[in-house]
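Chemist: Got a file for you: model33.cif, mmCIF, C-alpha atoms.
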data_coords
loop_
_atom_site.label_atom_id
_atom_site.label_comp_id
_atom_site.auth_asym_id
_atom_site.auth_seq_id
_atom_site.Cartn_x
_atom_site.Cartn_y
_atom_site.Cartn_z
CA MET Q 1 -10.59 -21.88 16.60
CA ARG Q 2 -11.13 -25.45 17.59
CA LEU Q 3 -14.59 -26.96 17.64
CA ARG Q 4 -15.52 -30.51 18.56
CA HIS Q 5 -18.32 -32.69 17.25
CA GLU Q 6 -20.23 -34.97 19.60
CA ASP Q 7 -18.44 -37.97 18.08
CA GLY Q 8 -15.10 -36.48 19.17
CA THR Q 9 -13.98 -35.17 15.79
CA LEU Q 10 -11.92 -32.00 16.11
CA VAL Q 11 -12.64 -29.28 13.54
CA HIS Q 12 -10.16 -26.47 12.97
CA LEU Q 13 -11.54 -23.11 11.82
CA ALA Q 14 -9.10 -20.44 10.61
CA TYR Q 15 -8.91 -17.50 8.26
CA ASN Q 16 -6.63 -17.19 5.27
CA ALA Q 17 -3.94 -14.70 6.30
CA GLY Q 18 -3.10 -14.12 2.65
CA VAL Q 19 -5.69 -11.36 2.95
CA HIS Q 20 -2.86 -9.31 4.49
CA PRO Q 21 0.19 -10.75 2.64
CA ALA Q 22 3.76 -10.23 3.77
CA GLU Q 23 6.88 -10.70 1.67
CA ASP Q 24 9.29 -11.25 4.56
CA LEU Q 25 9.25 -12.69 8.06
CA GLU Q 26 9.38 -9.33 9.85
CA ASN Q 27 6.24 -8.11 8.12
CA LEU Q 28 4.56 -11.48 8.54
CA ILE Q 29 4.93 -11.28 12.32
CA ALA Q 30 3.96 -7.59 12.31
CA HIS Q 31 0.77 -8.39 10.37
CA LEU Q 32 -0.15 -11.10 12.85
CA THR Q 33 0.10 -8.49 15.59
CA ARG Q 34 -1.79 -5.86 13.59
CA TYR Q 35 -4.62 -8.06 12.29
CA ALA Q 36 -4.81 -11.57 13.76
CA VAL Q 37 -4.49 -10.64 17.43
CA PRO Q 38 -7.28 -8.01 17.33
CA VAL Q 39 -9.50 -10.50 15.46
CA ARG Q 40 -8.89 -13.13 18.15
CA LYS Q 41 -9.71 -10.65 20.90
CA ARG Q 42 -12.83 -9.52 19.07
CA LEU Q 43 -14.03 -13.13 18.95
CA GLY Q 44 -13.27 -13.63 22.64
CA VAL Q 45 -11.17 -16.78 22.24
CA GLU Q 46 -7.82 -17.62 23.80
CA ARG Q 47 -6.55 -19.46 20.72
CA MET Q 48 -7.32 -18.85 17.04
CA GLY Q 49 -6.21 -20.51 13.83
CA VAL Q 50 -4.56 -18.70 10.94
CA GLY Q 51 -3.86 -20.16 7.51
CA LEU Q 52 -0.53 -18.63 6.55
CA TRP Q 53 0.54 -17.70 3.04
CA LEU Q 54 4.33 -17.87 2.83
CA SER Q 55 6.12 -16.53 -0.21
CA PRO Q 56 8.82 -18.79 -1.72
CA SER Q 57 11.50 -16.47 -0.36
CA VAL Q 58 10.09 -16.69 3.18
CA ALA Q 59 9.78 -20.46 2.89
CA ASP Q 60 13.42 -20.71 1.79
CA HIS Q 61 14.47 -18.46 4.66
CA LEU Q 62 12.65 -20.54 7.25
CA THR Q 63 13.95 -23.88 6.02
CA ALA Q 64 17.52 -22.56 5.88
CA ASP Q 65 17.49 -21.02 9.37
CA ARG Q 66 15.93 -23.10 12.14
CA ILE Q 67 16.33 -20.25 14.61
CA GLU Q 68 14.00 -18.14 12.50
CA LEU Q 69 11.52 -21.03 12.31
CA VAL Q 70 11.57 -21.29 16.10
CA ARG Q 71 11.04 -17.54 16.24
CA LEU Q 72 7.93 -17.81 14.08
CA ARG Q 73 6.49 -20.60 16.20
CA ARG Q 74 7.09 -18.64 19.40
CA SER Q 75 5.57 -15.53 17.84
CA LEU Q 76 2.42 -17.50 17.06
CA GLU Q 77 2.23 -19.01 20.54
CA GLU Q 78 2.78 -15.65 22.25
CA ARG Q 79 -0.11 -14.16 20.27
CA GLY Q 80 -2.56 -16.99 20.96
CA LEU Q 81 -2.42 -18.20 17.36
CA GLU Q 82 -1.95 -21.64 15.86
CA VAL Q 83 -1.29 -22.94 12.35
CA VAL Q 84 -2.58 -26.24 10.98
CA SER Q 85 -2.79 -25.19 7.34
CA LEU Q 86 -0.78 -23.27 4.76
CA ASN Q 87 -1.73 -21.67 1.45
CA GLY Q 88 0.68 -23.16 -1.09
CA THR Q 89 -0.07 -21.14 -4.22
CA GLY Q 90 3.33 -19.47 -4.11
CA GLY Q 91 4.29 -16.79 -6.60
CA ARG Q 92 5.09 -13.14 -5.93
CA ASN Q 93 1.85 -12.81 -3.98
CA GLN Q 94 -1.36 -14.73 -3.43
CA GLU Q 95 -2.93 -13.27 -6.58
CA VAL Q 96 -0.10 -14.42 -8.88
CA PRO Q 97 0.38 -18.20 -8.50
CA GLY Q 98 3.88 -19.53 -8.91
CA PRO Q 99 5.23 -22.27 -11.21
CA ASP Q 100 3.10 -25.20 -12.36
CA TRP Q 101 3.64 -28.81 -11.31
CA ALA Q 102 5.83 -29.59 -14.31
CA LYS Q 103 8.53 -27.33 -12.89
CA PRO Q 104 10.90 -28.41 -10.12
CA GLU Q 105 10.41 -25.10 -8.29
CA ARG Q 106 6.82 -26.09 -7.49
CA TYR Q 107 7.90 -29.37 -5.88
CA ARG Q 108 10.70 -27.71 -3.88
CA TYR Q 109 8.40 -24.96 -2.62
CA THR Q 110 5.68 -27.41 -1.57
CA MET Q 111 8.13 -29.65 0.28
CA ALA Q 112 9.57 -26.60 2.03
CA LEU Q 113 6.06 -25.72 3.20
CA ALA Q 114 5.48 -29.28 4.38
CA LYS Q 115 8.62 -29.22 6.54
CA ILE Q 116 7.69 -25.82 7.96
CA LEU Q 117 4.14 -26.91 8.73
CA ALA Q 118 5.28 -30.12 10.43
CA PHE Q 119 7.32 -27.93 12.78
CA LEU Q 120 4.58 -25.34 13.37
CA LEU Q 121 1.80 -27.83 14.12
CA PRO Q 122 0.72 -27.82 17.77
CA GLN Q 123 2.03 -30.81 19.68
CA ASP Q 124 -1.44 -32.37 20.02
CA VAL Q 125 -2.29 -32.05 16.30
CA ARG Q 126 -1.34 -34.91 13.96
CA PHE Q 127 -2.50 -33.58 10.60
CA GLY Q 128 -1.55 -30.50 8.61
CA SER Q 129 -2.93 -29.33 5.27
CA ILE Q 130 -1.50 -27.42 2.33
CA SER Q 131 -3.60 -26.17 -0.59
CA THR Q 132 -1.89 -26.03 -3.97
CA ILE Q 133 -2.64 -25.07 -7.56
CA PRO Q 134 -4.64 -27.37 -9.91
CA ILE Q 135 -1.47 -28.62 -11.68
CA GLY Q 136 -1.24 -25.69 -14.14
CA TRP Q 137 -3.08 -23.59 -16.69
CA ARG Q 138 -4.72 -25.73 -19.36
CA ARG Q 139 -3.73 -23.36 -22.18
CA ASP Q 140 -0.06 -23.82 -21.28
CA TRP Q 141 -0.26 -27.57 -20.82
CA PRO Q 142 0.82 -29.75 -23.77
CA ALA Q 143 0.36 -33.50 -23.40
CA ASP Q 144 4.02 -34.24 -22.75
CA LEU Q 145 3.87 -32.36 -19.43
CA HIS Q 146 1.41 -34.83 -17.90
CA SER Q 147 4.03 -37.47 -17.27
CA ILE Q 148 6.49 -34.91 -15.85
CA ALA Q 149 3.90 -33.60 -13.39
CA SER Q 150 2.84 -37.14 -12.44
CA ARG Q 151 6.41 -38.05 -11.53
CA ARG Q 152 6.68 -34.95 -9.36
CA LEU Q 153 3.47 -35.86 -7.53
CA GLU Q 154 4.71 -39.40 -6.94
CA ARG Q 155 7.95 -37.99 -5.55
CA LEU Q 156 5.98 -35.57 -3.38
CA ALA Q 157 3.99 -38.46 -1.90
CA ARG Q 158 7.19 -40.39 -1.13
CA GLU Q 159 8.76 -37.39 0.58
CA LEU Q 160 5.63 -36.71 2.63
CA ARG Q 161 5.68 -40.32 3.81
CA GLY Q 162 9.31 -39.83 4.76
CA LEU Q 163 8.46 -36.65 6.63
CA TYR Q 164 5.86 -38.56 8.63
CA SER Q 165 8.41 -41.21 9.57
CA VAL Q 166 10.67 -38.50 10.99
CA THR Q 167 8.17 -36.13 12.61
CA GLY Q 168 5.07 -38.22 13.28
CA LYS Q 169 3.03 -35.53 11.50
CA THR Q 170 0.92 -36.28 8.43
CA ILE Q 171 1.03 -33.37 5.99
CA ARG Q 172 -1.62 -33.54 3.28
CA VAL Q 173 -1.49 -31.57 0.04
CA GLY Q 174 -4.82 -30.67 -1.55
CA PHE Q 175 -5.24 -29.80 -5.23
CA GLU Q 176 -7.94 -27.21 -5.76
CA PRO Q 177 -9.93 -27.51 -9.03
CA TRP Q 178 -10.43 -24.22 -10.83
CA PRO Q 179 -11.86 -23.14 -14.23
CA GLY Q 180 -9.32 -22.87 -17.02
CA CYS Q 181 -6.82 -25.16 -15.31
CA VAL Q 182 -5.67 -28.73 -15.91
CA LEU Q 183 -7.91 -29.76 -13.01
CA GLU Q 184 -11.22 -27.97 -13.53
CA THR Q 185 -13.51 -30.35 -11.66
CA THR Q 186 -13.35 -32.64 -8.66
CA LYS Q 187 -13.62 -35.63 -11.00
CA GLN Q 188 -10.59 -34.50 -13.00
CA ALA Q 189 -8.66 -33.99 -9.78
CA LEU Q 190 -9.60 -37.47 -8.59
CA ASP Q 191 -8.58 -39.01 -11.91
CA ARG Q 192 -5.15 -37.36 -11.75
CA VAL Q 193 -4.37 -37.39 -8.04
CA GLY Q 194 -6.69 -39.86 -6.35
CA GLY Q 195 -4.72 -43.02 -7.03
CA ILE Q 196 -1.25 -41.86 -6.02
CA ASP Q 197 -1.42 -41.72 -2.21
CA SER Q 198 -4.77 -41.21 -0.53
CA GLU Q 199 -3.14 -40.55 2.84
CA HIS Q 200 -1.06 -37.57 1.71
CA LEU Q 201 -2.59 -36.25 -1.54
CA GLY Q 202 -6.20 -35.18 -1.92
CA ILE Q 203 -8.59 -32.42 -2.87
CA CYS Q 204 -9.04 -28.90 -1.57
CA LEU Q 205 -12.68 -27.92 -2.04
CA ASP Q 206 -13.48 -24.29 -2.78
CA ALA Q 207 -16.88 -23.63 -1.22
CA CYS Q 208 -17.42 -20.46 -3.27
CA TYR Q 209 -16.66 -22.30 -6.52
CA LEU Q 210 -19.08 -25.11 -5.67
CA ALA Q 211 -21.77 -22.74 -4.41
CA GLY Q 212 -21.55 -20.81 -7.68
CA GLY Q 213 -22.82 -23.80 -9.63
CA SER Q 214 -19.66 -24.51 -11.62
CA GLU Q 215 -19.87 -28.04 -10.22
CA GLU Q 216 -22.74 -29.78 -8.44
CA PRO Q 217 -21.67 -30.13 -4.78
CA GLY Q 218 -23.51 -33.39 -4.19
CA ALA Q 219 -21.87 -35.05 -7.18
CA ALA Q 220 -18.45 -33.81 -6.07
CA LEU Q 221 -18.93 -35.29 -2.59
CA ARG Q 222 -20.20 -38.59 -3.98
CA GLY Q 223 -17.14 -38.81 -6.21
CA LEU Q 224 -14.86 -38.24 -3.23
CA ALA Q 225 -16.70 -40.88 -1.23
CA ASP Q 226 -16.47 -43.45 -4.05
CA ALA Q 227 -12.77 -42.78 -4.64
CA GLY Q 228 -11.81 -42.73 -0.96
CA ALA Q 229 -9.75 -39.59 -1.60
CA PRO Q 230 -9.49 -37.15 1.30
CA VAL Q 231 -10.85 -33.62 1.50
CA VAL Q 232 -7.64 -31.91 2.61
CA LYS Q 233 -9.29 -28.57 3.29
CA LEU Q 234 -12.58 -26.75 2.74
CA GLY Q 235 -11.68 -23.22 1.73
CA HIS Q 236 -13.11 -19.90 0.48
CA VAL Q 237 -15.91 -20.14 3.04
CA HIS Q 238 -17.56 -16.82 3.78
CA ASN Q 239 -20.91 -15.21 4.42
CA HIS Q 240 -22.26 -14.32 1.00
CA MET Q 241 -25.43 -13.06 2.62
CA ALA Q 242 -23.61 -10.06 4.04
CA ALA Q 243 -24.33 -6.64 2.60
CA ALA Q 244 -20.98 -6.46 0.83
CA CYS Q 245 -21.66 -9.52 -1.33
CA GLN Q 246 -25.40 -10.12 -1.57
CA GLU Q 247 -25.09 -10.83 -5.29
CA LEU Q 248 -23.08 -14.01 -4.58
CA PRO Q 249 -24.56 -17.38 -3.57
CA SER Q 250 -24.16 -18.45 0.04
CA THR Q 251 -21.47 -21.01 0.84
CA ARG Q 252 -23.35 -22.23 3.90
CA PRO Q 253 -25.04 -25.24 2.18
CA VAL Q 254 -21.66 -26.43 0.88
CA LEU Q 255 -20.12 -25.98 4.33
CA GLU Q 256 -22.92 -27.98 5.94
CA ASP Q 257 -23.01 -30.75 3.33
CA THR Q 258 -19.25 -31.23 3.27
CA LEU Q 259 -18.85 -31.26 7.02
CA THR Q 260 -21.81 -33.62 7.43
CA ALA Q 261 -20.29 -36.00 4.87
CA MET Q 262 -16.95 -35.94 6.67
CA LEU Q 263 -18.39 -36.37 10.15
CA SER Q 264 -20.57 -39.29 9.00
CA GLY Q 265 -17.55 -41.05 7.56
CA ALA Q 266 -18.91 -40.98 4.01
CA VAL Q 267 -15.99 -38.77 2.95
CA ASN Q 268 -12.48 -39.02 4.35
CA GLY Q 269 -10.44 -35.99 5.15
CA THR Q 270 -8.98 -33.44 7.49
CA ALA Q 271 -11.56 -31.21 9.16
CA HIS Q 272 -9.80 -27.95 8.28
CA ILE Q 273 -12.11 -25.08 7.33
CA GLU Q 274 -10.72 -21.78 6.13
CA VAL Q 275 -12.54 -18.48 5.81
CA GLU Q 276 -11.22 -16.63 2.79
CA THR Q 277 -12.30 -13.04 2.22
CA HIS Q 278 -9.71 -11.73 -0.22
CA ASP Q 279 -12.16 -10.36 -2.81
CA LEU Q 280 -14.05 -8.49 -0.11
CA ALA Q 281 -10.93 -7.28 1.68
CA VAL Q 282 -9.11 -5.53 -1.18
CA PRO Q 283 -11.24 -2.35 -1.04
CA LEU Q 284 -11.00 -2.30 2.77
CA ARG Q 285 -7.21 -2.14 2.95
CA ALA Q 286 -7.24 1.56 2.11
CA LYS Q 287 -9.49 2.19 5.12
CA GLY Q 288 -6.89 1.01 7.61
CA PRO Q 289 -6.39 -2.10 9.76
CA GLY Q 290 -9.60 -1.63 11.75
CA ALA Q 291 -11.88 -2.17 8.77
CA LEU Q 292 -10.11 -5.37 7.77
CA VAL Q 293 -10.10 -6.65 11.35
CA ASN Q 294 -13.85 -6.04 11.61
CA MET Q 295 -14.58 -7.92 8.40
CA ILE Q 296 -12.41 -10.93 9.26
CA ALA Q 297 -13.95 -11.13 12.74
CA GLU Q 298 -17.47 -10.95 11.33
CA GLU Q 299 -16.78 -13.70 8.81
CA LEU Q 300 -15.20 -15.98 11.41
CA ASP Q 301 -18.09 -15.36 13.77
CA TRP Q 302 -20.54 -16.30 11.00
CA ALA Q 303 -18.60 -19.52 10.31
CA ARG Q 304 -18.47 -20.32 14.03
CA THR Q 305 -22.23 -19.80 14.34
CA SER Q 306 -22.85 -22.01 11.30
CA LEU Q 307 -20.73 -24.80 12.78
CA THR Q 308 -22.30 -24.63 16.24
CA ALA Q 309 -25.71 -24.85 14.54
CA LEU Q 310 -24.57 -28.25 13.25
CA GLY Q 311 -23.98 -29.42 16.81
CA LEU Q 312 -20.30 -28.55 17.24
CA ARG Q 313 -19.04 -26.91 20.40
CA LEU Q 314 -16.02 -24.76 21.06
CA ALA Q 315 -13.08 -26.85 22.27
CA ALA Q 316 -10.30 -25.79 24.60
#
Here is the file; what I need is its structure written in the form of structure tokens.
Modeler:
Amino acid sequence: MRLRHEDGTLVHLAYNAGVHPAEDLENLIAHLTRYAVPVRKRLGVERMGVGLWLSPSVADHLTADRIELVRLRRSLEERGLEVVSLNGTGGRNQEVPGPDWAKPERYRYTMALAKILAFLLPQDVRFGSISTIPIGWRRDWPADLHSIASRRLERLARELRGLYSVTGKTIRVGFEPWPGCVLETTKQALDRVGGIDSEHLGICLDACYLAGGSEEPGAALRGLADAGAPVVKLGHVHNHMAAACQELPSTRPVLEDTLTAMLSGAVNGTAHIEVETHDLAVPLRAKGPGALVNMIAEELDWARTSLTALGLRLAA
């Protein structure tokens, strides 16, 4: 969904479609029909955003066959769906992240996603976002891999600049800090990524992670403001006050604080917000598509209500 702030800023709200993963293009399109379209209709909107998770094999297929890429774009348009963001974890599925940033496969996969996203972006949208892993697992990260990963990130930034020169689309890659990884905090992510290319490389903030107290949200936002690094995407937003997850802290304060900081200009970034409900959805899959559709629709409606409470209005 698109929402607009009174200052004209356009905010894109979507849900992470990795909640119903597909390992090939046929199933990807089928899942959009089975889940995304009923969610859109339940919300009563003509156009709805989805954050796609594409496996490496699907990404390779789409970059090798432009006809198939056109087919995916038309399938989205015909279903009233749009894509401005991709989940770039990779791997066999969303729960098993792929190679770390010291390996060439990670760079190739991410650039494949960038090219796909530049093609899928609606004509009137200039920015696309891709979330990626926090470099790698700390336990598997000897010191000599730092320089290898840094060179790959520098090459990634160069290629993203080149992609912009060809397509006119700015694709930003956001590194998402996570416990146990090379980048555990926003500060660590800024130290490693912030100085390379602030237009194309930035941070993906996990609202659930911040709300859980692993990192103080205010300090994280101040660090982003001081560094001038962009928030590429605000993800893992969902209604922790719902009956299914009352034991978890609400992500609403993080959503409000981050969006307020971005709209005020204190923090740079792309106003992409993604509802992620994977942990809640796993037990629902056995109950059939209807249960999952209901949950996704409820979470998106909660996010929409939270955003309109901040003064945003639905945009055409």
Chemist: Starting from the shown file, work through the PyMOL selection byres ((chain Q and resi 274) around 7) and note down what comes out as a list in words.
Modeler: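 Here the PyMOL selection byres ((chain Q and resi 274) around 7) matches Leu13, Ala14, Tyr15, Asn16, Leu234, Gly235, His236, Val237, His272, Ile273, Val275 and Glu276 of chain Q.
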Chemist: Quick one: residues within 8 Å of segment 175-192 of chain Q, all atoms listed in the file, excluding same-chain residues fewer than 3 positions away - as an MDAnalysis selection string?
Modeler: chainID Q and resid 131:139 141 195 201:206 209 215 220 223:224 227 229
Chemist: With C-alpha atoms retained, export the selected residues as a compact mmCIF listing (two decimals), in the coordinates of the input.
Modeler:
# COMPACT_ATOMS: atom_id res chain seq x y z
CA SER Q 131 -3.60 -26.17 -0.59
CA THR Q 132 -1.89 -26.03 -3.97
CA ILE Q 133 -2.64 -25.07 -7.56
CA PRO Q 134 -4.64 -27.37 -9.91
CA ILE Q 135 -1.47 -28.62 -11.68
CA GLY Q 136 -1.24 -25.69 -14.14
CA TRP Q 137 -3.08 -23.59 -16.69
CA ARG Q 138 -4.72 -25.73 -19.36
CA ARG Q 139 -3.73 -23.36 -22.18
CA TRP Q 141 -0.26 -27.57 -20.82
CA GLY Q 195 -4.72 -43.02 -7.03
CA LEU Q 201 -2.59 -36.25 -1.54
CA GLY Q 202 -6.20 -35.18 -1.92
CA ILE Q 203 -8.59 -32.42 -2.87
CA CYS Q 204 -9.04 -28.90 -1.57
CA LEU Q 205 -12.68 -27.92 -2.04
CA ASP Q 206 -13.48 -24.29 -2.78
CA TYR Q 209 -16.66 -22.30 -6.52
CA GLU Q 215 -19.87 -28.04 -10.22
CA ALA Q 220 -18.45 -33.81 -6.07
CA GLY Q 223 -17.14 -38.81 -6.21
CA LEU Q 224 -14.86 -38.24 -3.23
CA ALA Q 227 -12.77 -42.78 -4.64
CA ALA Q 229 -9.75 -39.59 -1.60
Chemist: Evaluate the PyMOL selection byres ((chain Q and resi 98-115) around 9) on the structure here and hand back the selected residues as a PyMOL selection string.
Modeler: chain Q and resi 54+56+59-60+62-63+86-94+96-97+116-120+128-130+132-137+145-153+155-156+159-160+163+171-173
Chemist: Can you work out which one of Q:Val84, Q:Ala17, Q:Ala207, Q:Ala22 has the shortest atom-to-atom distance to Val125 of chain Q, counting all atoms listed in the file?
Modeler: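 Ranking Q:Val84, Q:Ala17, Q:Ala207, Q:Ala22 by distance to Val125 of chain Q, first place goes to Q:Val84.
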Chemist: With the file shown as input, list the residues that the PyMOL selection byres ((chain Q and resi 6) around 9) selects, as a PyMOL selection string.
Modeler: chain Q and resi 4-5+7-9+311-313
Chemist: Put those residues in a file: C-alpha atoms, as a PDB file, in the frame of the given file.
Modeler:
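Below you can see result-v7.pdb, which holds the result:
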ATOM      1  CA  ARG Q   4     -15.520 -30.510  18.560  1.00  0.00           C
ATOM      2  CA  HIS Q   5     -18.320 -32.690  17.250  1.00  0.00           C
ATOM      3  CA  ASP Q   7     -18.440 -37.970  18.080  1.00  0.00           C
ATOM      4  CA  GLY Q   8     -15.100 -36.480  19.170  1.00  0.00           C
ATOM      5  CA  THR Q   9     -13.980 -35.170  15.790  1.00  0.00           C
ATOM      6  CA  GLY Q 311     -23.980 -29.420  16.810  1.00  0.00           C
ATOM      7  CA  LEU Q 312     -20.300 -28.550  17.240  1.00  0.00           C
ATOM      8  CA  ARG Q 313     -19.040 -26.910  20.400  1.00  0.00           C
TER       9      ARG Q 313
END
Chemist: If we count only C-alpha atoms and set the cut-off at 10 Å, which residues sit around Ala271 of chain Q, ignoring sequence neighbours fewer than 4 positions away in its own chain? Please answer as a list in words.
Modeler: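 Final neighbour list, sorted by chain and number: Leu3, Thr9, Leu10, Val11, His12, Leu13, Phe127, Ser129, Val231, Val232, Lys233, Leu234, Thr258, Leu259, Met262 and Leu263 of chain Q.
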Chemist: Could you check the closest approach to Ile196 of chain Q for each of Q:Leu210, Q:Gly228, Q:Arg222, Q:Ser75 and tell me which residue wins, using only C-alpha atoms?
Modeler: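 Among the listed residues, Q:Gly228 lies closest to Ile196 of chain Q.
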Chemist: Distance atom CA of Ser264 of chain Q-atom CA of Leu310 of chain Q, one decimal place?
Modeler: 12.5 Å
Chemist: Atom CA of Arg71 of chain Q and atom CA of Thr33 of chain Q are how many Å apart?
Modeler: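 Distance between the two atoms: 14.2 Å.
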Chemist: Between atom CA of Val83 of chain Q and atom CA of Leu52 of chain Q, what distance in Å does the model show, to one decimal?
Modeler: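 Between atom CA of Val83 of chain Q and atom CA of Leu52 of chain Q the gap works out to 7.3 Å.
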Chemist: Using all atoms listed in the file, which residue out of Q:Gly168, Q:Pro217, Q:Gly288, Q:Gly194 lies closest to Val254 of chain Q?
Modeler: Q:Pro217
